[in-house]
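Novice: Below is the file start09.cif, with mmCIF, C-alpha atoms.
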data_input
#
loop_
_atom_site.group_PDB
_atom_site.id
_atom_site.type_symbol
_atom_site.label_atom_id
_atom_site.label_comp_id
_atom_site.auth_asym_id
_atom_site.auth_seq_id
_atom_site.Cartn_x
_atom_site.Cartn_y
_atom_site.Cartn_z
ATOM 1 C CA MET A 135 76.514 0.134 69.713
ATOM 2 C CA SER A 136 74.533 -2.017 67.319
ATOM 3 C CA ALA A 137 73.091 1.074 65.656
ATOM 4 C CA ILE A 138 76.592 2.377 64.983
ATOM 5 C CA GLN A 139 77.675 -0.959 63.557
ATOM 6 C CA GLN A 140 74.634 -1.071 61.296
ATOM 7 C CA HIS A 141 75.414 2.419 60.029
ATOM 8 C CA ASN A 142 79.007 1.412 59.252
ATOM 9 C CA VAL A 143 77.874 -1.642 57.347
ATOM 10 C CA GLN A 144 75.561 0.439 55.176
ATOM 11 C CA TYR A 145 78.385 2.863 54.460
ATOM 12 C CA ILE A 146 80.756 0.079 53.456
ATOM 13 C CA GLU A 147 78.162 -1.462 51.171
ATOM 14 C CA SER A 148 77.643 1.907 49.388
ATOM 15 C CA TYR A 149 81.373 2.278 48.736
ATOM 16 C CA ASP A 150 82.509 0.937 45.378
ATOM 17 C CA PRO A 151 86.225 0.069 45.442
ATOM 18 C CA GLU A 152 86.346 0.332 41.634
ATOM 19 C CA ILE A 153 85.606 4.044 41.811
ATOM 20 C CA PRO A 154 88.767 6.074 42.571
ATOM 21 C CA ASP A 155 88.979 8.116 45.754
ATOM 22 C CA TRP A 156 89.354 11.384 43.821
ATOM 23 C CA PHE A 157 85.836 10.913 42.470
ATOM 24 C CA TYR A 158 84.361 10.949 45.987
ATOM 25 C CA PHE A 159 86.491 13.975 46.834
ATOM 26 C CA LEU A 160 85.292 15.859 43.757
ATOM 27 C CA PHE A 161 81.690 14.847 44.416
ATOM 28 C CA GLY A 162 81.941 16.236 47.956
ATOM 29 C CA ILE A 163 83.266 19.567 46.697
ATOM 30 C CA MET A 164 80.384 19.809 44.215
ATOM 31 C CA LEU A 165 77.859 19.160 46.975
ATOM 32 C CA VAL A 166 79.328 21.955 49.078
ATOM 33 C CA PHE A 167 79.377 24.330 46.093
ATOM 34 C CA PHE A 168 75.788 23.755 45.019
ATOM 35 C CA SER A 169 74.583 23.807 48.606
ATOM 36 C CA GLY A 170 76.078 27.294 48.880
ATOM 37 C CA ILE A 171 74.211 28.419 45.780
ATOM 38 C CA GLU A 172 70.963 27.010 47.111
ATOM 39 C CA ALA A 173 71.533 28.742 50.440
ATOM 40 C CA LYS A 174 71.641 32.129 48.725
ATOM 41 C CA GLY A 175 68.246 31.548 47.188
ATOM 42 C CA GLN A 176 66.260 34.026 45.178
ATOM 43 C CA ASN A 177 65.618 37.433 46.673
ATOM 44 C CA LEU A 178 63.687 38.968 43.775
ATOM 45 C CA ASN A 179 60.269 38.495 42.268
ATOM 46 C CA PHE A 180 60.021 39.856 38.706
ATOM 47 C CA ASN A 181 56.887 41.244 37.085
ATOM 48 C CA ASN A 182 58.114 42.656 33.771
ATOM 49 C CA SER A 183 55.794 43.526 30.903
ATOM 50 C CA VAL A 184 56.406 44.070 27.206
ATOM 51 C CA SER A 185 54.662 45.705 24.281
ATOM 52 C CA PRO A 186 52.928 43.046 22.171
ATOM 53 C CA GLU A 187 54.690 44.219 19.022
ATOM 54 C CA LEU A 188 57.261 46.562 17.491
ATOM 55 C CA ILE A 189 57.135 47.855 13.920
ATOM 56 C CA VAL A 190 60.487 48.078 12.158
ATOM 57 C CA CYS A 191 61.610 51.671 11.569
ATOM 58 C CA GLU A 192 58.273 53.069 12.719
ATOM 59 C CA GLY A 193 57.644 54.610 16.111
ATOM 60 C CA GLU A 194 58.401 53.620 19.702
ATOM 61 C CA GLU A 195 56.746 51.176 22.085
ATOM 62 C CA ASN A 196 56.704 51.106 25.871
ATOM 63 C CA PHE A 197 58.090 48.361 28.147
ATOM 64 C CA THR A 198 58.067 48.012 31.948
ATOM 65 C CA ILE A 199 60.626 46.574 34.376
ATOM 66 C CA GLU A 200 59.399 45.659 37.858
ATOM 67 C CA PHE A 201 60.885 43.542 40.640
ATOM 68 C CA THR A 202 60.318 43.160 44.383
ATOM 69 C CA ASN A 203 62.775 42.368 47.164
ATOM 70 C CA THR A 204 61.259 39.282 48.816
ATOM 71 C CA SER A 205 64.113 38.834 51.300
ATOM 72 C CA THR A 206 64.197 40.115 54.874
ATOM 73 C CA GLY A 207 67.274 42.252 54.256
ATOM 74 C CA ILE A 208 68.230 45.344 52.278
ATOM 75 C CA LEU A 209 69.739 44.810 48.806
ATOM 76 C CA SER A 210 72.559 47.293 48.254
ATOM 77 C CA ASN A 211 74.594 48.410 45.216
ATOM 78 C CA VAL A 212 71.672 47.678 42.910
ATOM 79 C CA GLU A 213 72.285 47.745 39.152
ATOM 80 C CA ILE A 214 69.800 46.786 36.441
ATOM 81 C CA LEU A 215 71.103 45.538 33.101
ATOM 82 C CA LEU A 216 68.633 45.574 30.217
ATOM 83 C CA GLU A 217 69.642 43.439 27.225
ATOM 84 C CA LEU A 218 67.538 43.788 24.093
ATOM 85 C CA PRO A 219 67.439 41.501 21.034
ATOM 86 C CA ILE A 220 69.485 42.300 17.927
ATOM 87 C CA GLY A 221 67.898 45.221 16.095
ATOM 88 C CA VAL A 222 65.965 46.558 19.097
ATOM 89 C CA GLU A 223 67.322 49.669 20.829
ATOM 90 C CA TYR A 224 66.560 51.616 23.970
ATOM 91 C CA VAL A 225 65.367 55.190 23.422
ATOM 92 C CA SER A 226 67.699 57.460 25.351
ATOM 93 C CA ALA A 227 66.166 59.441 28.247
ATOM 94 C CA SER A 228 62.828 57.632 27.914
ATOM 95 C CA ILE A 229 62.961 56.139 31.421
ATOM 96 C CA LEU A 230 60.011 56.940 33.668
ATOM 97 C CA GLU A 231 60.078 55.629 37.237
ATOM 98 C CA SER A 232 56.860 55.083 39.160
ATOM 99 C CA SER A 233 58.641 53.940 42.350
ATOM 100 C CA THR A 234 60.871 55.988 44.661
ATOM 101 C CA PHE A 235 64.306 54.366 44.381
ATOM 102 C CA ASN A 236 65.932 56.944 42.104
ATOM 103 C CA VAL A 237 66.442 54.727 39.043
ATOM 104 C CA GLN A 238 68.759 56.449 36.566
ATOM 105 C CA GLU A 239 70.632 55.703 33.367
ATOM 106 C CA SER A 240 74.154 54.601 34.260
ATOM 107 C CA ASP A 241 75.636 53.499 30.921
ATOM 108 C CA ILE A 242 73.875 53.960 27.573
ATOM 109 C CA SER A 243 76.913 53.629 25.314
ATOM 110 C CA ASN A 244 75.283 50.493 23.883
ATOM 111 C CA LEU A 245 71.563 51.043 23.342
ATOM 112 C CA SER A 246 70.960 47.293 23.144
ATOM 113 C CA ALA A 247 72.596 46.677 26.556
ATOM 114 C CA VAL A 248 71.684 49.511 28.901
ATOM 115 C CA LEU A 249 72.748 49.748 32.529
ATOM 116 C CA PHE A 250 70.647 51.494 35.180
ATOM 117 C CA SER A 251 71.420 52.251 38.815
ATOM 118 C CA SER A 252 69.153 52.746 41.824
ATOM 119 C CA ASN A 253 69.173 53.295 45.556
ATOM 120 C CA ASP A 254 69.291 50.345 47.959
ATOM 121 C CA LEU A 255 66.170 48.198 47.778
ATOM 122 C CA SER A 256 64.480 47.704 51.145
ATOM 123 C CA SER A 257 62.822 44.475 52.213
ATOM 124 C CA GLY A 258 59.439 44.253 50.498
ATOM 125 C CA GLY A 259 60.282 47.225 48.298
ATOM 126 C CA THR A 260 59.406 47.259 44.589
ATOM 127 C CA ILE A 261 61.275 49.034 41.809
ATOM 128 C CA THR A 262 59.110 49.909 38.821
ATOM 129 C CA PHE A 263 60.053 51.907 35.757
ATOM 130 C CA SER A 264 59.167 52.025 32.080
ATOM 131 C CA PHE A 265 61.144 52.832 28.958
ATOM 132 C CA ASP A 266 60.669 53.116 25.208
ATOM 133 C CA ALA A 267 62.312 50.956 22.559
ATOM 134 C CA ILE A 268 62.466 51.024 18.776
ATOM 135 C CA ALA A 269 63.104 48.365 16.141
ATOM 136 C CA LYS A 270 65.817 49.052 13.570
ATOM 137 C CA PHE A 271 66.339 47.303 10.225
ATOM 138 C CA ASP A 272 68.499 44.605 11.857
ATOM 139 C CA ALA A 273 65.389 43.472 13.714
ATOM 140 C CA TYR A 274 63.861 42.560 10.343
ATOM 141 C CA THR A 275 66.848 40.327 9.526
ATOM 142 C CA ASN A 276 66.745 38.833 13.007
ATOM 143 C CA GLN A 277 63.073 38.024 12.554
ATOM 144 C CA LEU A 278 63.689 36.325 9.195
ATOM 145 C CA ASN A 279 66.297 34.134 10.872
ATOM 146 C CA GLY A 280 63.575 32.773 13.139
ATOM 147 C CA ASN A 281 64.848 34.271 16.383
ATOM 148 C CA VAL A 282 62.588 34.979 19.348
ATOM 149 C CA PHE A 283 62.338 38.569 20.566
ATOM 150 C CA SER A 284 62.552 38.702 24.349
ATOM 151 C CA ASN A 285 64.317 41.095 26.724
ATOM 152 C CA GLN A 286 66.657 39.932 29.465
ATOM 153 C CA VAL A 287 66.601 41.869 32.741
ATOM 154 C CA THR A 288 69.495 41.214 35.119
ATOM 155 C CA VAL A 289 69.609 42.720 38.613
ATOM 156 C CA ASN A 290 73.012 42.819 40.280
ATOM 157 C CA TYR A 291 73.385 43.577 43.983
ATOM 158 C CA SER A 292 75.900 42.897 46.718
ATOM 159 C CA GLY A 293 76.707 39.205 46.769
ATOM 160 C CA ASN A 294 74.266 38.029 44.132
ATOM 161 C CA SER A 295 72.748 38.446 40.670
ATOM 162 C CA GLU A 296 69.350 37.400 39.331
ATOM 163 C CA PHE A 297 67.797 37.646 35.889
ATOM 164 C CA GLU A 298 64.594 36.972 34.003
ATOM 165 C CA LEU A 299 63.636 36.676 30.359
ATOM 166 C CA THR A 300 60.490 38.607 29.534
ATOM 167 C CA ASP A 301 57.619 37.308 27.473
ATOM 168 C CA ALA A 302 58.257 37.287 23.729
ATOM 169 C CA TYR A 303 56.891 40.009 21.483
ATOM 170 C CA ASN A 304 56.308 40.340 17.748
ATOM 171 C CA ILE A 305 58.272 42.283 15.156
ATOM 172 C CA LEU A 306 56.231 43.683 12.291
ATOM 173 C CA TYR A 307 57.617 45.018 9.027
ATOM 174 C CA PRO A 308 56.139 46.341 5.766
ATOM 175 C CA ALA A 309 56.000 44.005 2.782
ATOM 176 C CA LEU A 310 55.429 44.844 -0.887
ATOM 177 C CA SER A 311 52.928 42.596 -2.612
ATOM 178 C CA ILE A 312 52.138 42.800 -6.362
ATOM 179 C CA THR A 313 48.650 41.482 -6.986
ATOM 180 C CA GLN A 314 48.090 42.471 -10.625
ATOM 181 C CA ILE A 315 50.104 43.721 -13.578
ATOM 182 C CA ALA A 316 48.138 45.945 -15.971
ATOM 183 C CA PRO A 317 49.432 46.576 -19.520
ATOM 184 C CA ILE A 318 50.207 50.154 -20.487
ATOM 185 C CA ILE A 319 49.343 51.231 -24.024
ATOM 186 C CA SER A 320 51.309 54.148 -25.397
ATOM 187 C CA THR A 321 50.399 56.113 -28.520
ATOM 188 C CA CYS A 322 53.201 57.747 -30.468
ATOM 189 C CA LEU A 323 52.260 60.571 -32.859
ATOM 190 C CA LEU A 324 54.644 61.323 -35.692
ATOM 191 C CA TYR A 325 54.835 64.977 -36.692
ATOM 192 C CA THR A 326 56.195 65.842 -40.141
ATOM 193 C CA SER A 327 57.444 69.335 -40.821
ATOM 194 C CA PRO A 328 55.895 70.877 -44.033
ATOM 195 C CA SER A 329 58.190 71.350 -47.008
ATOM 196 C CA PRO A 330 59.077 74.854 -48.256
ATOM 197 C CA ARG A 331 56.785 74.314 -51.273
ATOM 198 C CA ASP A 332 53.808 73.646 -49.010
ATOM 199 C CA ARG A 333 54.611 76.736 -47.027
ATOM 200 C CA GLY A 334 54.405 78.982 -50.093
#
Starting from the coordinates I provided, produce the structure as structure tokens.
Specialist:
Amino acid sequence: MSAIQQHNVQYIESYDPEIPDWFYFLFGIMLVFFSGIEAKGQNLNFNNSVSPELIVCEGEENFTIEFTNTSTGILSNVEILLELPIGVEYVSASILESSTFNVQESDISNLSAVLFSSNDLSSGGTITFSFDAIAKFDAYTNQLNGNVFSNQVTVNYSGNSEFELTDAYNILYPALSITQIAPIISTCLLYTSPSPRDRG
């Protein structure tokens, strides 16, 4: 009985009558909400890799997306959304899967935000595939604005969604540099047609 009384006293002391009751109600709802998020947890372990650099308007570079199902259950309805920085575009049909989950292009209407689909991901299973990307002229402007170039990979599946930002990579572009100006000397020759008297 004394233990219960002691508990009640501690509860009364922690209650501040100046704080309205709706605050405690709202606080309780927030606790329940965030507890639910924590209960879901993370089911994926990402291991993405990027090319160290892209050259504007010159060639393609290869990137890799890889993630593992660390949960004890099967992840169904898997979709992978690849979001690239401004000026960087996915090269259509460049996907090459090295796993066995049938990763395919699902929506490539926007080459800077490409959606892929795959089969259900079993517990402990790893999806791995690579793709090519190119840097357009807008990447040059984006670089001058001081923005960081990093891809975002989002994996959606039944009941949850997880994402990761890849390591940053460099954007290279050609620059014209004038180191020396050399004078050009031109010689102009004046030709005079002979008179009729000289011709005779």
Novice: Applied to the shown file, which residues does the PyMOL selection byres ((chain A and resi 194-211) around 8) return, written as a ChimeraX atom specification?
Specialist: /A:177-185,187-188,192-193,212-213,252-269,287,290-292
Novice: Please define a box with edges along x, y and z of the file around all atoms of segment 183-195 of chain A given in the file, extend it by 4 Å on each side, and return its centre and edge lengths in Å to one decimal, as JSON.
Specialist:
{"center_x": 57.3, "center_y": 48.8, "center_z": 21.2, "size_x": 16.7, "size_y": 19.6, "size_z": 27.3}
Novice: Would you write out, as a list of chain:residue names, every residue that the PyMOL selection byres ((chain A and resi 221-229) around 8) captures in this file?
Specialist: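 Applying the expression gives A:Leu218, A:Pro219, A:Ile220, A:Leu230, A:Glu231, A:Gln238, A:Glu239, A:Ile242, A:Leu245, A:Ser246, A:Val248, A:Phe263, A:Ser264, A:Phe265, A:Asp266, A:Ala267, A:Ile268, A:Ala269, A:Lys270, A:Phe271, A:Asp272, A:Ala273, A:Tyr274, A:Asn276.
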Novice: If I take atom CA of Ile305 of chain A and atom CA of Ser284 of chain A, how far is one from the other in Å, to one decimal?
Specialist: 10.8 Å
Novice: Calculate how many Å separate atom CA of Thr275 of chain A from atom CA of Ala302 of chain A, rounding to one decimal.
Specialist: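 Calculated distance between atom CA of Thr275 of chain A and atom CA of Ala302 of chain A is 16.9 Å.
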Novice: What gap, in Å, lies between atom CA of Leu216 of chain A and atom CA of Leu306 of chain A?
Specialist: 21.9 Å
Novice: Take the PyMOL selection byres ((chain A and resi 286) around 6), apply it to the structure above, and return the hits as a list in words.
Specialist: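 Selection result, ordered by chain and number: Glu217, Asn285, Val287, Glu298 and Leu299 of chain A.
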Novice: My list of candidates is A:Ser295, A:Leu249, A:Ser243, A:Thr234. Which is closest to Gln176 of chain A when distances are computed with all atoms listed in the file?
Specialist: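 Of A:Ser295, A:Leu249, A:Ser243, A:Thr234, the one nearest Gln176 of chain A is A:Ser295, counting all atoms listed in the file.
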Novice: Regenerate segment 213-226 of chain A at the level of N, CA and C atoms and dump it as a PDB file, keeping the file's coordinate frame.
Specialist:
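Once written, selection23.pdb looks like this:
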ATOM      1  N   GLU A 213      72.140  47.377  40.558  1.00  0.00           N
ATOM      2  CA  GLU A 213      72.285  47.745  39.152  1.00  0.00           C
ATOM      3  C   GLU A 213      71.337  46.889  38.326  1.00  0.00           C
ATOM      4  N   ILE A 214      70.735  47.503  37.321  1.00  0.00           N
ATOM      5  CA  ILE A 214      69.800  46.786  36.441  1.00  0.00           C
ATOM      6  C   ILE A 214      70.357  46.816  35.029  1.00  0.00           C
ATOM      7  N   LEU A 215      70.606  45.648  34.469  1.00  0.00           N
ATOM      8  CA  LEU A 215      71.103  45.538  33.101  1.00  0.00           C
ATOM      9  C   LEU A 215      69.971  45.077  32.196  1.00  0.00           C
ATOM     10  N   LEU A 216      69.672  45.897  31.197  1.00  0.00           N
ATOM     11  CA  LEU A 216      68.633  45.574  30.217  1.00  0.00           C
ATOM     12  C   LEU A 216      69.307  45.175  28.916  1.00  0.00           C
ATOM     13  N   GLU A 217      69.079  43.929  28.487  1.00  0.00           N
ATOM     14  CA  GLU A 217      69.642  43.439  27.225  1.00  0.00           C
ATOM     15  C   GLU A 217      68.501  43.183  26.248  1.00  0.00           C
ATOM     16  N   LEU A 218      68.580  43.864  25.104  1.00  0.00           N
ATOM     17  CA  LEU A 218      67.538  43.788  24.093  1.00  0.00           C
ATOM     18  C   LEU A 218      68.001  42.919  22.921  1.00  0.00           C
ATOM     19  N   PRO A 219      67.058  42.340  22.178  1.00  0.00           N
ATOM     20  CA  PRO A 219      67.439  41.501  21.034  1.00  0.00           C
ATOM     21  C   PRO A 219      68.138  42.321  19.946  1.00  0.00           C
ATOM     22  N   ILE A 220      68.809  41.634  19.041  1.00  0.00           N
ATOM     23  CA  ILE A 220      69.485  42.300  17.927  1.00  0.00           C
ATOM     24  C   ILE A 220      68.470  43.098  17.118  1.00  0.00           C
ATOM     25  N   GLY A 221      68.779  44.362  16.880  1.00  0.00           N
ATOM     26  CA  GLY A 221      67.898  45.221  16.095  1.00  0.00           C
ATOM     27  C   GLY A 221      66.945  46.056  16.918  1.00  0.00           C
ATOM     28  N   VAL A 222      66.838  45.786  18.209  1.00  0.00           N
ATOM     29  CA  VAL A 222      65.965  46.558  19.097  1.00  0.00           C
ATOM     30  C   VAL A 222      66.848  47.447  19.972  1.00  0.00           C
ATOM     31  N   GLU A 223      66.501  48.722  20.081  1.00  0.00           N
ATOM     32  CA  GLU A 223      67.322  49.669  20.829  1.00  0.00           C
ATOM     33  C   GLU A 223      66.496  50.470  21.827  1.00  0.00           C
ATOM     34  N   TYR A 224      67.127  50.752  22.927  1.00  0.00           N
ATOM     35  CA  TYR A 224      66.560  51.616  23.970  1.00  0.00           C
ATOM     36  C   TYR A 224      66.544  53.061  23.475  1.00  0.00           C
ATOM     37  N   VAL A 225      65.473  53.774  23.775  1.00  0.00           N
ATOM     38  CA  VAL A 225      65.367  55.190  23.422  1.00  0.00           C
ATOM     39  C   VAL A 225      65.934  56.006  24.577  1.00  0.00           C
ATOM     40  N   SER A 226      67.000  56.709  24.308  1.00  0.00           N
ATOM     41  CA  SER A 226      67.699  57.460  25.351  1.00  0.00           C
ATOM     42  C   SER A 226      66.773  58.445  26.057  1.00  0.00           C
TER      43      SER A 226
END
